[in-house]
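S.K.: Quick one: the structure is below, and I'll ask about it shortly.
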Number of protein chains: 2
Amino acid sequence: MSIDRRSGCPINLSLEVFGDRWSLIILRDMIFGGRRHFRELLNFSLEGIASNILADRLKRLMELGLLTKADDPSHKQKAIYSLTEMAITLVPIMAQLGAWGRVWLPVTEELSIRAELLEKGGPPLWDQFMDELRHEHLGAPSKTPPGTPTVRQQLRAAYEEVVERKAGSVTA
Amino acid sequence: MSIDRRSGCPINLSLEVFGDRWSLIILRDMIFGGRRHFRELLNFSLEGIASNILADRLKRLMELGLLTKADDPSHKQKAIYSLTEMAITLVPIMAQLGAWGRVWLPVTEELSIRAELLEKGGPPLWDQFMDELRHEHLGAPSKTPPGTPTVRQQLRAAYEEVVERKAGSVTA
DNA sequence: TGCAACCGATTGCAAAATGCAATCGGATTG
DNA sequence: CAATCCGATTGCATTTTGCAATCGGTTGCA
């Protein structure tokens with residue numbers, strides 16, 4: 001697939017890649033949620049994506065060079081989707097989108113804590129995260145010293161802490 | 001208008017605001033192109049937006065709080081569209097989108113020079129630009145010392161320099 | 001060996017969004 | 001007073017979206 005080419009403007013071309021309601025959501029779930037399989041993306045989707053749309057977008061994202069697909073050696077039917085470098089470098093865009101949404105839109109606390117952390121961490125944290133994604137998806141050597149919590153672990157821990165605190169304040 | 005609320009995730013909510021092919025294009029033309037009138041947005045649109053879609057998106061962006069509309073005192077039929085603070089703070093997102101598109105997509109040189117400048121300038125330049133937009137659209141006092149070229153002037157000059165150079169290299 | 005659960009999709013269909021072309025009534029300009 | 005410009009609106013065909021059901025094959029378990 002090649003994109004429309006309405007114009008050669010970088011913002012326009014970026015919009016032609018993910019100027020729809022689902023492409024960036026799928027990439028978000030892969031990047032921040034660590035999803036790698038079709039069913040994970042389908043069943044754990046917060047927004048309730050339909051299977052035909054998911055299939056269509058995965059295909060499109062592969063054709064555009066943002067994802068690759070490989071067989072899962074442990075299961076003859078399973079496919080493993082991986083982010084390409086092109087998709088991994090979306091992290092700063094995701095961070096800015098999250099930061100903006102957190103300020104201006106009716107976000108929930110538990111779903112925005114990750115955006116807050118990512119914003120506070122700034123470019124150094126984004127770089128560390130991208131490095132981890134390269135390790136996870138491209139097999140690149142990891143630069144983070146062993147024992148250090150990964151960015152995704154930090155984000156997950158913060159999320160769970162909020163969920164727990166909110167649950168506690170109701171029952172306590 | 002209130003958005004769909006598929007989920008309270010900031011990235012999802014941001015996508016519900018401008019996860020379509022035109023909303024961000026219109027905002028881009030207002031932010032970087034300085035467009036304020038319906039006809040300017042319609043006739044100078046690189047991507048060729050249709051008038052019904054433009055009308056629909058302007059209405060939607062107003063309902064979402066990204067734009068305001070006012071009468072043009074010089075012409076009883078003219079409406080002046082202004083960016084709100086909510087829209088002005090999209091500048092970092094625009095910059096990141098431009099930077100990413102410039103790397104990964106088939107941009108043209110003259111249309112990506114502005115993205116390059118914005119990327120090189122980084123957050124300090126974005127802040128200066130947002131300050132100018134606040135002055136232009138919200139009537140805020142300008143912090144930039146008089147005599148300093150505005151960011152939009154710098155971007156425009158760079159664009160025209162490329163266009164001129166490319167035209168020269170053909171005829172020379 | 002049988003069967004339920006799971007795998008990545010595909011199909012059919014209705015509803016909504018998109019995009020194009022023509023046109024609206026009023027305001028302004030020459 | 002005619003041509004042009006103003007911000008839209010209308011009609012209509014095409015495309016995209018989203019939901020629900022289902023596909024053929026694989027796997028895990030009794």
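In the structure tokens, each chain is lettered A, B, ... as it comes, each chain's residues begin at 1, and ligands are numbered from 1 in order of appearance.
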Would you list the contacts of stretch 19-26 of chain C as a PyMOL selection string, taking every protein, DNA or RNA residue within 12 Å and counting only C-alpha atoms (C1' of nucleotides), but skipping same-chain residues closer than 6 positions in sequence?

M.R.: (chain B and resi 48-54+75-78) or (chain D and resi 5-15)

S.K.: Only residues of chain C matter here; which ones have an atom within 7 Å of chain A, counting only C-alpha atoms (C1' of nucleotides)? Give them as a VMD selection string.

M.R.: chain C and resid 7 to 9

S.K.: Save out the residues we just selected, N, CA, C and O atoms (P, O5', C5', C4', C3', O3' and C1' of nucleotides), as a tab-separated table (two decimals), in the first residue's frame.

M.R.:
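The resulting file, result.tsv, is reproduced below:
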chain	number	residue	atom	x	y	z
C	7	DC	P	-6.49	-17.49	21.65
C	7	DC	O5'	-6.29	-17.75	20.10
C	7	DC	C5'	-5.15	-18.51	19.67
C	7	DC	C4'	-5.14	-18.57	18.16
C	7	DC	C3'	-5.46	-17.23	17.50
C	7	DC	O3'	-4.25	-16.50	17.36
C	7	DC	C1'	-6.58	-19.04	16.41
C	8	DG	P	-4.36	-14.93	17.20
C	8	DG	O5'	-4.61	-14.76	15.64
C	8	DG	C5'	-3.65	-15.29	14.74
C	8	DG	C4'	-4.25	-15.32	13.34
C	8	DG	C3'	-4.55	-13.94	12.73
C	8	DG	O3'	-4.26	-14.01	11.34
C	8	DG	C1'	-6.52	-15.21	12.79
C	9	DA	P	-4.25	-12.65	10.44
C	9	DA	O5'	-5.68	-11.98	10.65
C	9	DA	C5'	-6.48	-11.68	9.50
C	9	DA	C4'	-7.44	-12.84	9.22
C	9	DA	C3'	-8.51	-12.49	8.19
C	9	DA	O3'	-8.17	-13.05	6.95
C	9	DA	C1'	-9.38	-13.75	10.06

S.K.: So which bits of chain B end up alpha helix (DSSP H) when you DSSP the backbone, as a ChimeraX atom specification?

M.R.: /B:10-18,23-31,38-43,51-63,85-88,91-104,109-138,151-171

S.K.: Based on only C-alpha atoms, which of the residues in chain B come within 9 Å of chain A? I want them as number ranges by chain.

M.R.: B: 5-16, 18-22, 24-25, 28, 46-48, 86, 89-90, 92-112, 115

S.K.: Between atom CA of B:Ile88 and atom CA of B:Arg152, what distance in Å does the model show, to one decimal?

M.R.: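 The value is 13.7 Å.
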
S.K.: Write out as a list of chain:residue names the residues lying within 9 Å of A:Leu41, counting only C-alpha atoms (C1' of nucleotides) and excluding same-chain residues fewer than 5 positions away.

M.R.: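 Close residues of A:Leu41: A:Ile26, A:Asp29, A:Met30, A:Arg35, A:Arg36, A:Ile49, A:Leu54.
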
S.K.: Can those selected residues be exported to a file as a PDB file, in the first residue's frame so that it contains N, CA, C and O atoms?

M.R.:
ATOM      1  N   ILE A  26      -4.407   0.850  17.899  1.00  0.00           N
ATOM      2  CA  ILE A  26      -3.748  -0.456  17.806  1.00  0.00           C
ATOM      3  C   ILE A  26      -2.268  -0.322  18.166  1.00  0.00           C
ATOM      4  O   ILE A  26      -1.729  -1.106  18.957  1.00  0.00           O
ATOM      5  N   ASP A  29      -1.806   0.122  21.860  1.00  0.00           N
ATOM      6  CA  ASP A  29      -1.924  -1.123  22.618  1.00  0.00           C
ATOM      7  C   ASP A  29      -0.687  -1.995  22.463  1.00  0.00           C
ATOM      8  O   ASP A  29      -0.311  -2.716  23.390  1.00  0.00           O
ATOM      9  N   MET A  30      -0.061  -1.935  21.291  1.00  0.00           N
ATOM     10  CA  MET A  30       1.163  -2.704  21.111  1.00  0.00           C
ATOM     11  C   MET A  30       2.312  -2.061  21.874  1.00  0.00           C
ATOM     12  O   MET A  30       3.094  -2.744  22.546  1.00  0.00           O
ATOM     13  N   ARG A  35       0.918  -5.744  23.569  1.00  0.00           N
ATOM     14  CA  ARG A  35       0.165  -6.741  22.824  1.00  0.00           C
ATOM     15  C   ARG A  35       0.915  -7.153  21.559  1.00  0.00           C
ATOM     16  O   ARG A  35       1.458  -6.319  20.851  1.00  0.00           O
ATOM     17  N   ARG A  36       0.882  -8.454  21.295  1.00  0.00           N
ATOM     18  CA  ARG A  36       1.565  -8.956  20.108  1.00  0.00           C
ATOM     19  C   ARG A  36       0.679  -9.832  19.230  1.00  0.00           C
ATOM     20  O   ARG A  36       1.019 -10.116  18.100  1.00  0.00           O
ATOM     21  N   ILE A  49     -12.662  -2.671  19.603  1.00  0.00           N
ATOM     22  CA  ILE A  49     -12.486  -2.732  18.154  1.00  0.00           C
ATOM     23  C   ILE A  49     -13.132  -4.003  17.614  1.00  0.00           C
ATOM     24  O   ILE A  49     -13.157  -5.040  18.280  1.00  0.00           O
ATOM     25  N   LEU A  54      -9.966  -4.586  12.924  1.00  0.00           N
ATOM     26  CA  LEU A  54      -8.623  -4.914  13.397  1.00  0.00           C
ATOM     27  C   LEU A  54      -7.809  -5.600  12.301  1.00  0.00           C
ATOM     28  O   LEU A  54      -6.664  -5.222  12.035  1.00  0.00           O
TER      29      LEU A  54
END

S.K.: Which of chain B end up as strand (DSSP E or B) when DSSP is run on this backbone - answer as a PDB file with N, CA, C and O atoms, in the first residue's frame?

M.R.:
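To be explicit, this is the file written out as selection07.pdb:
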ATOM      1  N   LEU B  67     -11.893  26.282  18.201  1.00  0.00           N
ATOM      2  CA  LEU B  67     -11.986  27.505  17.406  1.00  0.00           C
ATOM      3  C   LEU B  67     -13.117  28.388  17.929  1.00  0.00           C
ATOM      4  O   LEU B  67     -14.054  27.899  18.541  1.00  0.00           O
ATOM      5  N   THR B  68     -12.982  29.669  17.652  1.00  0.00           N
ATOM      6  CA  THR B  68     -14.104  30.584  17.857  1.00  0.00           C
ATOM      7  C   THR B  68     -14.320  31.360  16.565  1.00  0.00           C
ATOM      8  O   THR B  68     -13.420  31.454  15.729  1.00  0.00           O
ATOM      9  N   LYS B  69     -15.501  31.895  16.417  1.00  0.00           N
ATOM     10  CA  LYS B  69     -15.839  32.647  15.211  1.00  0.00           C
ATOM     11  C   LYS B  69     -16.304  34.037  15.611  1.00  0.00           C
ATOM     12  O   LYS B  69     -17.030  34.187  16.587  1.00  0.00           O
ATOM     13  N   ALA B  70     -15.877  35.039  14.861  1.00  0.00           N
ATOM     14  CA  ALA B  70     -16.309  36.404  15.140  1.00  0.00           C
ATOM     15  C   ALA B  70     -16.574  37.124  13.828  1.00  0.00           C
ATOM     16  O   ALA B  70     -16.052  36.727  12.779  1.00  0.00           O
ATOM     17  N   ASP B  71     -17.388  38.168  13.884  1.00  0.00           N
ATOM     18  CA  ASP B  71     -17.641  38.961  12.687  1.00  0.00           C
ATOM     19  C   ASP B  71     -16.405  39.765  12.319  1.00  0.00           C
ATOM     20  O   ASP B  71     -15.695  40.265  13.185  1.00  0.00           O
ATOM     21  N   ASP B  72     -16.194  39.893  11.024  1.00  0.00           N
ATOM     22  CA  ASP B  72     -15.126  40.764  10.547  1.00  0.00           C
ATOM     23  C   ASP B  72     -15.724  42.156  10.395  1.00  0.00           C
ATOM     24  O   ASP B  72     -16.642  42.351   9.610  1.00  0.00           O
ATOM     25  N   HIS B  75     -16.211  43.697   6.870  1.00  0.00           N
ATOM     26  CA  HIS B  75     -17.015  43.067   5.815  1.00  0.00           C
ATOM     27  C   HIS B  75     -18.133  42.292   6.506  1.00  0.00           C
ATOM     28  O   HIS B  75     -17.877  41.327   7.209  1.00  0.00           O
ATOM     29  N   LYS B  76     -19.359  42.703   6.262  1.00  0.00           N
ATOM     30  CA  LYS B  76     -20.482  42.162   7.018  1.00  0.00           C
ATOM     31  C   LYS B  76     -20.688  40.660   6.825  1.00  0.00           C
ATOM     32  O   LYS B  76     -21.354  40.016   7.613  1.00  0.00           O
ATOM     33  N   GLN B  77     -20.155  40.123   5.731  1.00  0.00           N
ATOM     34  CA  GLN B  77     -20.335  38.692   5.508  1.00  0.00           C
ATOM     35  C   GLN B  77     -19.171  37.855   5.998  1.00  0.00           C
ATOM     36  O   GLN B  77     -19.295  36.660   6.165  1.00  0.00           O
ATOM     37  N   LYS B  78     -18.042  38.506   6.190  1.00  0.00           N
ATOM     38  CA  LYS B  78     -16.853  37.743   6.554  1.00  0.00           C
ATOM     39  C   LYS B  78     -16.877  37.318   8.014  1.00  0.00           C
ATOM     40  O   LYS B  78     -17.266  38.083   8.891  1.00  0.00           O
ATOM     41  N   ALA B  79     -16.448  36.103   8.234  1.00  0.00           N
ATOM     42  CA  ALA B  79     -16.265  35.615   9.592  1.00  0.00           C
ATOM     43  C   ALA B  79     -14.772  35.415   9.810  1.00  0.00           C
ATOM     44  O   ALA B  79     -14.059  34.983   8.905  1.00  0.00           O
ATOM     45  N   ILE B  80     -14.311  35.747  10.985  1.00  0.00           N
ATOM     46  CA  ILE B  80     -12.922  35.514  11.342  1.00  0.00           C
ATOM     47  C   ILE B  80     -12.871  34.353  12.322  1.00  0.00           C
ATOM     48  O   ILE B  80     -13.537  34.384  13.357  1.00  0.00           O
ATOM     49  N   TYR B  81     -12.132  33.340  11.974  1.00  0.00           N
ATOM     50  CA  TYR B  81     -11.974  32.203  12.871  1.00  0.00           C
ATOM     51  C   TYR B  81     -10.697  32.383  13.683  1.00  0.00           C
ATOM     52  O   TYR B  81      -9.661  32.763  13.143  1.00  0.00           O
ATOM     53  N   SER B  82     -10.792  32.113  14.975  1.00  0.00           N
ATOM     54  CA  SER B  82      -9.623  32.230  15.845  1.00  0.00           C
ATOM     55  C   SER B  82      -9.347  30.915  16.554  1.00  0.00           C
ATOM     56  O   SER B  82     -10.263  30.154  16.865  1.00  0.00           O
ATOM     57  N   LEU B  83      -8.079  30.672  16.767  1.00  0.00           N
ATOM     58  CA  LEU B  83      -7.660  29.520  17.563  1.00  0.00           C
ATOM     59  C   LEU B  83      -7.889  29.810  19.040  1.00  0.00           C
ATOM     60  O   LEU B  83      -7.676  30.934  19.492  1.00  0.00           O
TER      61      LEU B  83
END
